[in-house]
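Peer 1: Here you go, one structure.
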Amino acid sequence: MLHREKFNATNEPFRIDITTANKIALRLKMSAESDFPCQENVENVSELQEQLYNSVLNGGLDNALNLTDTLHRSGNIDVINNIISRLLYNGTPNIMGYAYRLWLCNHQELIYGNFPPAFKLIFNGDLVTITNKEFGLPMKLQIGTDKDNDRRVWCDGERNINNRMKWKFSTIWENNTLYCKIKNAQYNQFLKIALSRDDMGDREIFGAPYDDTHRHYWCLRPVMDEGNLLFYIINRQYGQALKLGRWQDSNNDRLVWGRSGSVVGLPVEFGWSIEQVV
């Protein structure tokens, strides 16, 4: 069974009574072991998978865990996998929270087997590269610091991976939302967004030696582009997503900014891949 004592249920329009879920799970399990599954059980699976999809879509994650547990115990792993695929391809924001709750509730096998590898890398705090889709450039911290000991964030034009281009995610669950802090491997500094804006409303991005404000918190929103998983990386304080500047220096490096304006529907320009360091 899933353990839920750490969380409070909020905003759950799609509920299924636990006793009813257990009865359905037993019928589904008996049907799976039978050579003659009945139409009622097929309809029960169809009903449960639609309830699971809608629960994640509407942020009812406690209910989504109950339904996942019912389908899992009855051997309907393929049904869960199909729902995860639908959620990913439809760019459902709540899928990050759903996956994280599965991870915490000892369903890591569902993350390993049914989600793209980036989810495991993020939740496990593995070293990763964060690469802009449009130009294929990995994010890095510059060597020098400013008067606040901050470092400006760039993307590297040479694509020569070193520790300045390696990052690690740490997760924070708050107000039924998953946030992340993003830490650089070379300098142990945390990604943050600047207070001030330029004349376009964009903000600079830095690595900072501290991580104590919402400017250091980031939301990851998965988005698919031609079958490839990308993420919009959105700051909690200002709601601005990371973007790569058009200007490049003599090394073909480009500055990273927080974009003023929506990025939804623009995965090539504003999507980032998160991949394991090799």
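Please note that chains go A, B, ... in the order of the structure tokens, that every chain numbers its residues from 1, and that ligands are numbered from 1 in the order shown.
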Write out as a list in words each polymer residue whose atoms come within 10 Å of A:Asn160, counting only C-alpha atoms; drop sequence neighbours fewer than 4 positions from it.
Peer 2: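 Here the answer would be Leu137, Pro138, Asp156 and Met165 of chain A.
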Peer 1: Would you put the residues from that selection into a file with C-alpha atoms, as a PDB file, in the first residue's frame?
Peer 2:
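Printed below is selection-v7.pdb as written:
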```pdb
ATOM      1  CA  LEU A 137      24.409  24.314 -25.553  1.00  0.00           C
ATOM      2  CA  PRO A 138      24.938  23.154 -21.928  1.00  0.00           C
ATOM      3  CA  ASP A 156      28.922  26.937 -23.321  1.00  0.00           C
ATOM      4  CA  MET A 165      28.483  22.406 -16.578  1.00  0.00           C
TER       5      MET A 165
END
```
Peer 1: Set out as JSON lines a contact list for stretch 121-145 of chain A and stretch 240-261 of chain A with a cut-off of 10 Å, giving each residue of stretch 121-145 of chain A that qualifies its closest atom pair and distance in Å to one decimal, counting only C-alpha atoms, ordered by chain and rising residue number.
Peer 2:
```
{"residue": "A:Asn132", "atom": "CA", "partner": "A:Leu244", "partner_atom": "CA", "distance": 7.3}
{"residue": "A:Lys133", "atom": "CA", "partner": "A:Leu244", "partner_atom": "CA", "distance": 9.7}
{"residue": "A:Glu134", "atom": "CA", "partner": "A:Leu244", "partner_atom": "CA", "distance": 8.7}
{"residue": "A:Phe135", "atom": "CA", "partner": "A:Leu244", "partner_atom": "CA", "distance": 8.6}
{"residue": "A:Leu137", "atom": "CA", "partner": "A:Asp253", "partner_atom": "CA", "distance": 8.4}
{"residue": "A:Pro138", "atom": "CA", "partner": "A:Asp253", "partner_atom": "CA", "distance": 9.8}
{"residue": "A:Met139", "atom": "CA", "partner": "A:Val256", "partner_atom": "CA", "distance": 8.0}
{"residue": "A:Lys140", "atom": "CA", "partner": "A:Val256", "partner_atom": "CA", "distance": 9.3}
```
Peer 1: What does the distance between atom CA of A:Ile130 and atom CA of A:Ser273 come to in Å, to one decimal place?
Peer 2: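 Atom CA of A:Ile130 sits 5.7 Å away from atom CA of A:Ser273.
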Peer 1: Report as JSON lines the residues of stretch 162-190 of chain A within 9 Å of stretch 87-106 of chain A, each with its shortest atom pair and distance in Å (one decimal), using only C-alpha atoms, ordered by chain and increasing residue number.
Peer 2:
```
{"residue": "A:Thr171", "atom": "CA", "partner": "A:Tyr100", "partner_atom": "CA", "distance": 8.9}
{"residue": "A:Trp173", "atom": "CA", "partner": "A:Gly97", "partner_atom": "CA", "distance": 8.3}
{"residue": "A:Asn176", "atom": "CA", "partner": "A:Gly97", "partner_atom": "CA", "distance": 7.6}
{"residue": "A:Thr177", "atom": "CA", "partner": "A:Gly97", "partner_atom": "CA", "distance": 6.2}
{"residue": "A:Leu178", "atom": "CA", "partner": "A:Gly97", "partner_atom": "CA", "distance": 5.5}
```
Peer 1: Counting only C-alpha atoms, which of A:Pro209, A:Ile172, A:Lys183, A:Asp225 gets nearest to A:Asn149?
Peer 2: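 Of the candidates, the smallest distance to A:Asn149 is held by A:Pro209.
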Peer 1: So, counting only C-alpha atoms, which residue among A:Ser55, A:Asn184, A:Ser46, A:Thr129 is closest to A:Arg159?
Peer 2: A:Thr129
